[in-house]
$ cat protein_32.cif   # mmCIF, C-alpha atoms
data_data
loop_
_atom_site.label_atom_id
_atom_site.label_comp_id
_atom_site.auth_asym_id
_atom_site.auth_seq_id
_atom_site.Cartn_x
_atom_site.Cartn_y
_atom_site.Cartn_z
CA GLN A 1 130.71 129.14 196.69
CA ASP A 2 128.68 132.36 196.54
CA ALA A 3 125.52 130.53 197.62
CA LYS A 4 127.37 129.06 200.61
CA ASN A 5 128.61 132.50 201.62
CA LEU A 6 125.08 133.86 201.35
CA TRP A 7 123.68 131.07 203.53
CA PHE A 8 126.50 131.45 206.05
CA SER A 9 125.80 135.20 206.22
CA PHE A 10 122.11 134.47 206.76
CA PHE A 11 122.82 132.04 209.61
CA LEU A 12 125.35 134.39 211.17
CA GLY A 13 122.78 137.20 211.00
CA LEU A 14 120.21 135.05 212.80
CA LEU A 15 122.76 134.12 215.46
CA LEU A 16 123.95 137.67 216.06
CA GLY A 17 120.44 139.12 215.87
CA GLY A 18 119.19 136.67 218.46
CA ALA A 19 122.14 137.28 220.76
CA ILE A 20 121.76 141.05 220.49
CA GLY A 21 118.00 140.78 221.06
CA ASN A 22 118.51 138.78 224.24
CA ALA A 23 121.25 141.16 225.41
CA LEU A 24 119.01 144.19 224.86
CA ASP A 25 116.19 142.55 226.80
CA ARG A 26 118.61 141.85 229.65
CA LEU A 27 119.97 145.41 229.64
CA LEU A 28 116.67 147.25 229.24
CA LEU A 29 114.30 144.99 231.16
CA GLY A 30 116.66 143.22 233.55
CA PHE A 31 115.46 139.86 232.22
CA VAL A 32 114.87 138.12 228.90
CA ARG A 33 111.19 138.02 228.05
CA ASP A 34 110.14 134.51 227.04
CA TRP A 35 106.76 133.97 225.50
CA LEU A 36 106.57 130.60 223.74
CA LEU A 37 105.81 127.80 226.17
CA LEU A 38 106.90 124.43 224.80
CA TRP A 39 105.76 121.12 226.26
CA HIS A 40 104.26 122.99 229.26
CA ARG A 41 107.67 123.53 230.84
CA SER A 42 110.28 125.40 228.79
CA ALA A 43 109.81 128.92 227.49
CA ILE A 44 111.67 130.46 224.56
CA ASN A 45 111.46 133.63 222.49
CA ILE A 46 112.13 134.57 218.88
CA ALA A 47 115.68 135.63 219.76
CA ASP A 48 116.32 132.14 221.17
CA LEU A 49 115.07 130.63 217.92
CA GLY A 50 117.40 132.90 215.96
CA VAL A 51 120.37 131.78 218.04
CA LEU A 52 119.40 128.12 217.72
CA ILE A 53 118.72 128.15 213.97
CA GLY A 54 121.69 130.40 213.24
CA LEU A 55 124.16 128.29 215.18
CA GLY A 56 122.79 125.01 213.87
CA GLY A 57 122.78 126.18 210.27
CA ALA A 58 126.29 127.62 210.47
CA VAL A 59 127.66 124.43 212.02
CA LEU A 60 125.97 122.19 209.44
CA LEU A 61 127.13 124.37 206.56
CA THR A 62 130.70 124.43 207.89
CA GLN A 63 130.73 120.64 208.30
CA LYS A 64 129.37 120.15 204.78
CA THR A 65 132.04 122.46 203.37
CA LYS A 66 134.81 120.60 205.23
CA ARG A 67 133.55 117.24 203.91
CA GLU A 68 133.51 118.56 200.34
CA GLU A 69 137.06 119.92 200.69
CA MET A 70 138.30 116.53 201.88
CA ARG A 71 137.16 114.83 198.66
#
$ encode --input "protein_32.cif" --output "structure tokens"
Amino acid sequence: QDAKNLWFSFFLGLLLGGAIGNALDRLLLGFVRDWLLLWHRSAINIADLGVLIGLGGAVLLTQKTKREEMR
């Protein structure tokens, strides 16, 4: 249980850190600076990766926990 809480906290930190990073870019720069070009058409930044990994990890961990509780 403690390990799951630690992982959930980690994923939540990535999610919130990415969201705050994008919000600060928007407030201070007026736009979100993207700098990784993927497949020659979509651009992302580290904050986007934090949001993506944080949300995905939190959802997967929550689903795994629900499945274990149903047993």
$ residues_around --input "protein_32.cif" --residues "A:Leu36" --least-positions-apart "5" --cutoff "10 Å" --atoms "only C-alpha atoms" --output "list in words"
Ser42, Ala43, Ile44, Asn45 and Ile46 of chain A
$ atom_distance --input "protein_32.cif" --atom1 "atom CA of A:Leu55" --atom2 "atom CA of A:Leu15"
6.0 Å
$ closest_residue --input "protein_32.cif" --among "A:Ala23, A:Leu14, A:Val32, A:Ala3" --to "A:Thr65" --atoms "only C-alpha atoms"
A:Ala3
$ resolve_selection --input "protein_32.cif" --expression "the PyMOL selection byres ((chain A and resi 11) around 6)" --output "NGL selection string"
:A and (8-10 or 12-14 or 54 or 57-58)
$ closest_residue --input "protein_32.cif" --among "A:Val59, A:Met70, A:Leu6, A:Leu24" --to "A:Ala47" --atoms "only C-alpha atoms"
A:Leu24
$ build_atoms --input "protein_32.cif" --residues "stretch 24-36 of chain A" --atoms "N, CA, C and O atoms" --output "short mmCIF file (atom, residue, chain, number, x, y, z; two decimals), keeping the file's coordinate frame"
data_model
loop_
_atom_site.label_atom_id
_atom_site.label_comp_id
_atom_site.auth_asym_id
_atom_site.auth_seq_id
_atom_site.Cartn_x
_atom_site.Cartn_y
_atom_site.Cartn_z
N LEU A 24 119.79 142.97 224.67
CA LEU A 24 119.01 144.19 224.86
C LEU A 24 117.90 143.99 225.87
O LEU A 24 117.64 144.86 226.70
N ASP A 25 117.21 142.86 225.79
CA ASP A 25 116.19 142.55 226.80
C ASP A 25 116.81 142.57 228.19
O ASP A 25 116.25 143.16 229.12
N ARG A 26 117.96 141.93 228.34
CA ARG A 26 118.61 141.85 229.65
C ARG A 26 119.01 143.24 230.14
O ARG A 26 118.82 143.57 231.31
N LEU A 27 119.54 144.07 229.24
CA LEU A 27 119.97 145.41 229.64
C LEU A 27 118.80 146.35 229.94
O LEU A 27 118.83 147.10 230.91
N LEU A 28 117.78 146.31 229.10
CA LEU A 28 116.67 147.25 229.24
C LEU A 28 115.61 146.81 230.23
O LEU A 28 115.01 147.64 230.91
N LEU A 29 115.36 145.50 230.30
CA LEU A 29 114.30 144.99 231.16
C LEU A 29 114.83 144.35 232.45
O LEU A 29 114.09 144.19 233.40
N GLY A 30 116.09 143.94 232.41
CA GLY A 30 116.66 143.22 233.55
C GLY A 30 116.42 141.72 233.46
O GLY A 30 116.87 140.97 234.32
N PHE A 31 115.71 141.28 232.45
CA PHE A 31 115.46 139.86 232.22
C PHE A 31 115.16 139.67 230.74
O PHE A 31 114.92 140.63 230.02
N VAL A 32 115.22 138.43 230.29
CA VAL A 32 114.87 138.12 228.90
C VAL A 32 113.42 137.65 228.88
O VAL A 32 113.06 136.71 229.58
N ARG A 33 112.62 138.33 228.12
CA ARG A 33 111.19 138.02 228.05
C ARG A 33 110.98 136.78 227.18
O ARG A 33 111.28 136.79 225.99
N ASP A 34 110.47 135.73 227.76
CA ASP A 34 110.14 134.51 227.04
C ASP A 34 108.63 134.44 226.86
O ASP A 34 107.89 134.80 227.76
N TRP A 35 108.19 133.97 225.71
CA TRP A 35 106.76 133.97 225.50
C TRP A 35 106.22 132.76 224.76
O TRP A 35 105.04 132.62 224.58
N LEU A 36 107.07 131.84 224.35
CA LEU A 36 106.57 130.60 223.74
C LEU A 36 106.78 129.47 224.73
O LEU A 36 107.91 129.13 225.06
#
